[in-house]
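Inspection log for the structure reproduced underneath, given as structure tokens.
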Amino acid sequence: MKPVKEKPTDQVAWEQVAEYLRKTLDQDELTHCMRCGFCLPACPTYRETGLEQASPRGRIALMKAVADGIIEPDTAFADQMNLCLGCRACETACPAGVQYGRVLEQARAGIALREPSSRIVRGLRKLFFEHLFPHQHRLRMLGWGLALYRRSGLRWLVRRSGLMRLFPEHLREMEAVMPSASFKGVRERLGGILRPEGAPRGRVGLFRGCIMDVLFTETNCNTARLLVKAGYEVVIPDKQRCCGALHAHAGEEEAAKRLARDNIVAFRDAKVDWIVSNAGGCGAMLVEYVHHFQGDVLMEEDARWFSERVRDISQLVADGIDDLPLKRLEHRVTYQDSCHLRNGMRVTEPRDILRRMPGMTYVELFESDRCCGSAGIYNLTHPEMSKQILDEKMIHVKNTQADILVTSNPGCLLQMKWGIRRAGLEHRMRAVHLADLLMEAVE
Ligand code: SF4
Ligand code: SF4
């Protein structure tokens, strides 16, 4: 794929987007689609709208029509591409093996040449993609700010003063379930290297993520501790950065590649056997670095080295779970898949782990493989669709009668916390990350 051009300051015309898409959309991939429709029942946006254009098959048909020069892209085309959650459930359902996620990213890269028309979306994109995620120290500052907001009593004051009423309902609700941000990330708390007792089973590089390390630092610490308990030496490279998933999914291909390049170098220099992630969204992106550098003579080999070593925390823990000193936890537990963990990384171990934990009664959640509506910043950019999907999900969650809902991605975890609150289930259920639950059980 050709590099994305610099964004001009004035608005790019749709004809230029069309030209770019005709050059970059993978025609082979689009032609693989047999129009069979097997993907339709798996697609949340199709299920909610019943519209062909909001289905994977419909979106592929739209992309193909643009690539063939039959239609010009326009706002309606962009809306359909942006309405997609990027959950990739369609890929798992597709008998032809269409790599939908990849063509979606290509389509979004073309659309991203134009500035979004909505001021809110434009502002959010700029804030997250340019000013926040690529800069570890800014994320740390954000962590400081958020922690201060909570601990100084400012949050209480904002709530009491009614200021929160100025924000849309979904933002108010989400603020209420936001975990406490941390002053320090996992590396600042635990140091750069952690060693197990005895000879290590291997050397693991911990990918700490951006949001994960600010809002879920304790989960990152538990992940590192768990790996040490399981007998691994853990390294937390200082020079690592955001994985770039949100950038890639939003069409910011060049920014995503810059971040990927830094991460590859950081972990190669650390000479690790595995690169471990505890967030489905990050893990799926890390696995795909190799595709982002296809044909790049300088980076392709290193990117392959990197991608082949990426594992989810559950995969390494499942290997050594019988050696972990786990005490009995008497709970009824259910599991919500992270789309990218399931459809991107094809990870199945979390369920095995939950079934094998002493004292746990595992109950399968109906349609646990269906997206929860979080999808990166989708719940901020498309709150109505996100809420619709979430509320449906919570009906099934309630039916499990579980008291613990496990998931393995920060976005899904926040969405589940939000869902539990929306469904009024806080008194009898909590949402936790798999690593945190395992550490609760470690004696
Ligand atoms: S299941 Fe695959 S081949 Fe069939 S319509 Fe969907 S994307 Fe196309
Ligand atoms: S990625 Fe998810 S929302 Fe998008 S078309 Fe595929 S199934 Fe539908």
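Labels for the structure tokens follow display order: chains A, B, ..., residues from 1 in each chain, ligands from 1.
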With a cut-off of 9 Å, could you pull out the residues of chain A touching ligand 2 and give me the nearest pair of atoms for each, distance in Å to one decimal, using only C-alpha atoms and all ligand atoms, ordered by chain and ascending number, as CSV?
residue,atom,partner,partner_atom_place_in_ligand_line,distance
A:Cys39,CA,ligand 2,7 (S),7.0
A:Leu40,CA,ligand 2,7 (S),7.5
A:Pro41,CA,ligand 2,7 (S),8.5
A:Ala42,CA,ligand 2,7 (S),5.7
A:Cys43,CA,ligand 2,7 (S),3.6
A:Pro44,CA,ligand 2,3 (S),5.4
A:Thr45,CA,ligand 2,3 (S),5.3
A:Tyr46,CA,ligand 2,8 (Fe),6.6
A:Arg47,CA,ligand 2,8 (Fe),8.8
A:Ala54,CA,ligand 2,5 (S),7.1
A:Ser55,CA,ligand 2,5 (S),5.2
A:Pro56,CA,ligand 2,5 (S),3.7
A:Arg57,CA,ligand 2,5 (S),7.5
A:Gly58,CA,ligand 2,5 (S),8.4
A:Arg59,CA,ligand 2,5 (S),7.0
A:Ile60,CA,ligand 2,5 (S),8.7
A:Met81,CA,ligand 2,4 (Fe),8.0
A:Asn82,CA,ligand 2,4 (Fe),8.9
A:Leu83,CA,ligand 2,3 (S),7.4
A:Cys84,CA,ligand 2,4 (Fe),4.0
A:Leu85,CA,ligand 2,3 (S),4.3
A:Gly86,CA,ligand 2,1 (S),3.7
A:Cys87,CA,ligand 2,2 (Fe),4.0
A:Arg88,CA,ligand 2,1 (S),3.7
A:Ala89,CA,ligand 2,7 (S),4.4
A:Cys90,CA,ligand 2,7 (S),4.2
A:Glu91,CA,ligand 2,6 (Fe),6.8
A:Thr92,CA,ligand 2,7 (S),8.9
A:Ala93,CA,ligand 2,7 (S),8.7
A:Tyr100,CA,ligand 2,6 (Fe),6.8
A:Gly101,CA,ligand 2,1 (S),6.5
A:Leu104,CA,ligand 2,1 (S),8.1
A:Cys339,CA,ligand 2,2 (Fe),8.6
A:Arg370,CA,ligand 2,7 (S),8.5
A:Cys371,CA,ligand 2,2 (Fe),7.4
May I have a table of the residues of chain A lying at most 6 Å from ligand 1, giving each one's closest pair of atoms and their distance in Å to one decimal, counting only C-alpha atoms and all ligand atoms, ordered by chain and ascending residue number, as a Markdown table?
| residue | atom | partner | partner_atom_place_in_ligand_line | distance |
| --- | --- | --- | --- | --- |
| A:Cys33 | CA | ligand 1 | 8 (Fe) | 3.6 |
| A:Met34 | CA | ligand 1 | 3 (S) | 4.3 |
| A:Arg35 | CA | ligand 1 | 5 (S) | 3.7 |
| A:Cys36 | CA | ligand 1 | 4 (Fe) | 4.0 |
| A:Gly37 | CA | ligand 1 | 5 (S) | 3.9 |
| A:Phe38 | CA | ligand 1 | 1 (S) | 4.2 |
| A:Cys39 | CA | ligand 1 | 1 (S) | 4.1 |
| A:Pro56 | CA | ligand 1 | 7 (S) | 5.9 |
| A:Arg57 | CA | ligand 1 | 5 (S) | 4.5 |
| A:Cys94 | CA | ligand 1 | 1 (S) | 3.7 |
| A:Pro95 | CA | ligand 1 | 1 (S) | 5.8 |
| A:Ala96 | CA | ligand 1 | 3 (S) | 5.0 |
| A:Val98 | CA | ligand 1 | 2 (Fe) | 5.5 |
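The coordinates place atom CA of Leu139 of chain A at 14.7 Å from atom CA of Leu259 of chain A.
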Find the residues of segment 377-400 of chain A that sit at most 8 Å from segment 422-441 of chain A; for each, write down the nearest two atoms and how far apart they are in Å, to one decimal. Count only C-alpha atoms. Sort by chain, then by number going up, and give it as JSON lines.
{"residue": "A:Asp391", "atom": "CA", "partner": "A:Ala423", "partner_atom": "CA", "distance": 7.5}
{"residue": "A:Met394", "atom": "CA", "partner": "A:Ala423", "partner_atom": "CA", "distance": 6.6}
{"residue": "A:Lys398", "atom": "CA", "partner": "A:Leu425", "partner_atom": "CA", "distance": 7.8}
Output the selection as a JSON list (two decimals), in the first residue's frame - N, CA, C and O atoms for each residue.
[["chain", "number", "residue", "atom", "x", "y", "z"],
["A", 391, "ASP", "N", -26.96, -2.21, 25.45],
["A", 391, "ASP", "CA", -28.17, -2.57, 26.22],
["A", 391, "ASP", "C", -28.65, -3.97, 25.87],
["A", 391, "ASP", "O", -29.13, -4.70, 26.73],
["A", 394, "MET", "N", -26.44, -6.40, 27.67],
["A", 394, "MET", "CA", -26.67, -6.50, 29.11],
["A", 394, "MET", "C", -27.86, -7.39, 29.45],
["A", 394, "MET", "O", -27.92, -7.94, 30.55],
["A", 398, "LYS", "N", -27.30, -10.23, 32.20],
["A", 398, "LYS", "CA", -28.18, -10.41, 33.35],
["A", 398, "LYS", "C", -28.64, -11.86, 33.45],
["A", 398, "LYS", "O", -28.69, -12.45, 34.53]]
**Message:** If you run DSSP on the backbone here, which positions in segment 304-439 of chain A get alpha helix (DSSP H)? Please write them as a VMD selection string.
**Reply:** chain A and resid 304 to 309 313 to 320 339 349 to 356 378 to 381 383 to 400 410 to 422 434 to 439
**Item:** Selection near Trp144 of chain A, 9 Å with only C-alpha atoms, sequence-local residues under 3 positions removed, as an MDAnalysis selection string
**Value:** chainID A and resid 139:141 147:149 181:184 214
Would you mind exporting the chosen residues as a PDB file, in the first residue's frame, restricted to C-alpha atoms?
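Saved file out.pdb follows:
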ATOM      1  CA  LEU A 139      -0.387  10.412  28.934  1.00  0.00           C
ATOM      2  CA  ARG A 140       1.414  10.396  32.264  1.00  0.00           C
ATOM      3  CA  MET A 141       0.441  14.051  32.721  1.00  0.00           C
ATOM      4  CA  ALA A 147      -5.810  11.351  39.668  1.00  0.00           C
ATOM      5  CA  LEU A 148      -5.688  14.869  41.071  1.00  0.00           C
ATOM      6  CA  TYR A 149      -9.236  15.533  39.848  1.00  0.00           C
ATOM      7  CA  ALA A 181      -6.075   7.188  37.057  1.00  0.00           C
ATOM      8  CA  SER A 182      -2.614   6.532  38.374  1.00  0.00           C
ATOM      9  CA  PHE A 183       0.232   8.943  39.086  1.00  0.00           C
ATOM     10  CA  LYS A 184       2.701   6.253  38.037  1.00  0.00           C
ATOM     11  CA  VAL A 214      -2.918   5.310  32.879  1.00  0.00           C
TER      12      VAL A 214
END
**Request:** Go through A:Tyr232, A:Gln388, A:Leu380, A:Lys64 one by one, measure the shortest atom-to-atom distance of each to Glu175 of chain A using only C-alpha atoms, and give the residue with the smallest value.
**Result:**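 Of all the options, A:Leu380 lies closest to Glu175 of chain A.
With atom CA of Asn409 of chain A on one side and atom CA of Ser338 of chain A on the other, the separation reads 6.1 Å.
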**Item:** Residue set, segment 244-305 of chain A restricted to strand (DSSP E or B), as a PyMOL selection string
**Value:** chain A and resi 274-277
**Prompt:** Which residue, A:Pro350, A:Gly185, A:Gly50, A:Gly295, has the smallest gap to Ile211 of chain A when you use only C-alpha atoms?
**Reply:**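 When distances to Ile211 of chain A are compared using only C-alpha atoms, the smallest one comes from A:Gly185.
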**Message:** For a quick check of understanding, using only C-alpha atoms, which of A:Phe216, A:Phe366, A:Gln315, A:Cys372 has the smallest distance to Thr348 of chain A?
**Reply:**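 When distances to Thr348 of chain A are compared using only C-alpha atoms, the smallest one comes from A:Gln315.
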For Asp323 of chain A, work out the shell of residues within 12 Å, counting only C-alpha atoms and skipping chain neighbours fewer than 4 positions away, then give it as an mmCIF file with N, CA and C atoms, in the first residue's frame.
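Below is the file that was written, out08.cif:
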data_model
loop_
_atom_site.group_PDB
_atom_site.id
_atom_site.type_symbol
_atom_site.label_atom_id
_atom_site.label_comp_id
_atom_site.auth_asym_id
_atom_site.auth_seq_id
_atom_site.Cartn_x
_atom_site.Cartn_y
_atom_site.Cartn_z
ATOM 1 N N LEU A 226 1.895 -11.659 37.738
ATOM 2 C CA LEU A 226 1.387 -12.985 37.342
ATOM 3 C C LEU A 226 2.430 -13.734 36.510
ATOM 4 N N LEU A 227 3.033 -13.000 35.592
ATOM 5 C CA LEU A 227 4.054 -13.623 34.736
ATOM 6 C C LEU A 227 5.247 -14.077 35.570
ATOM 7 N N VAL A 228 5.614 -13.261 36.542
ATOM 8 C CA VAL A 228 6.732 -13.635 37.425
ATOM 9 C C VAL A 228 6.344 -14.879 38.225
ATOM 10 N N LYS A 229 5.116 -14.910 38.754
ATOM 11 C CA LYS A 229 4.628 -16.076 39.502
ATOM 12 C C LYS A 229 4.638 -17.321 38.617
ATOM 13 N N ALA A 230 4.351 -17.102 37.327
ATOM 14 C CA ALA A 230 4.325 -18.237 36.395
ATOM 15 C C ALA A 230 5.736 -18.621 35.935
ATOM 16 N N GLY A 231 6.758 -17.906 36.433
ATOM 17 C CA GLY A 231 8.145 -18.306 36.190
ATOM 18 C C GLY A 231 8.866 -17.551 35.081
ATOM 19 N N VAL A 317 -0.125 -17.570 30.490
ATOM 20 C CA VAL A 317 -0.573 -18.073 31.793
ATOM 21 C C VAL A 317 -1.192 -19.470 31.646
ATOM 22 N N ALA A 318 -1.943 -19.687 30.564
ATOM 23 C CA ALA A 318 -2.597 -21.001 30.377
ATOM 24 C C ALA A 318 -1.558 -22.116 30.373
ATOM 25 N N ASP A 319 -0.406 -21.838 29.797
ATOM 26 C CA ASP A 319 0.671 -22.843 29.759
ATOM 27 C C ASP A 319 1.121 -23.275 31.148
ATOM 28 N N VAL A 442 -4.284 -15.781 43.375
ATOM 29 C CA VAL A 442 -2.918 -16.235 43.691
ATOM 30 C C VAL A 442 -2.660 -16.077 45.188
#
**d(atom CA of Gly251 of chain A, atom CA of Leu206 of chain A) in Å** =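 It comes out at 26.6 Å.
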**Request:** Extract, using only C-alpha atoms, all DNA, RNA and protein residues at most 7 Å from Val12 of chain A, discarding same-chain residues fewer than 2 positions from it, and format them as a PyMOL selection string.
**Result:** chain A and resi 10+14+16+113-114
Print the selection's residues with N, CA and C atoms to a file, as an mmCIF file, in the first residue's frame.
data_model
loop_
_atom_site.group_PDB
_atom_site.id
_atom_site.type_symbol
_atom_site.label_atom_id
_atom_site.label_comp_id
_atom_site.auth_asym_id
_atom_site.auth_seq_id
_atom_site.Cartn_x
_atom_site.Cartn_y
_atom_site.Cartn_z
ATOM 1 N N ASP A 10 -6.305 22.834 3.164
ATOM 2 C CA ASP A 10 -7.682 23.046 2.747
ATOM 3 C C ASP A 10 -8.341 21.697 2.462
ATOM 4 N N TRP A 14 -13.699 15.189 -2.862
ATOM 5 C CA TRP A 14 -14.050 13.765 -2.904
ATOM 6 C C TRP A 14 -13.413 13.069 -4.099
ATOM 7 N N GLN A 16 -10.517 13.512 -5.237
ATOM 8 C CA GLN A 16 -9.149 13.112 -4.866
ATOM 9 C C GLN A 16 -9.166 11.880 -3.958
ATOM 10 N N LEU A 113 -8.303 11.549 4.477
ATOM 11 C CA LEU A 113 -7.690 12.670 3.749
ATOM 12 C C LEU A 113 -8.551 13.920 3.858
ATOM 13 N N ARG A 114 -9.868 13.670 4.008
ATOM 14 C CA ARG A 114 -10.770 14.814 4.231
ATOM 15 C C ARG A 114 -10.928 15.034 5.722
#
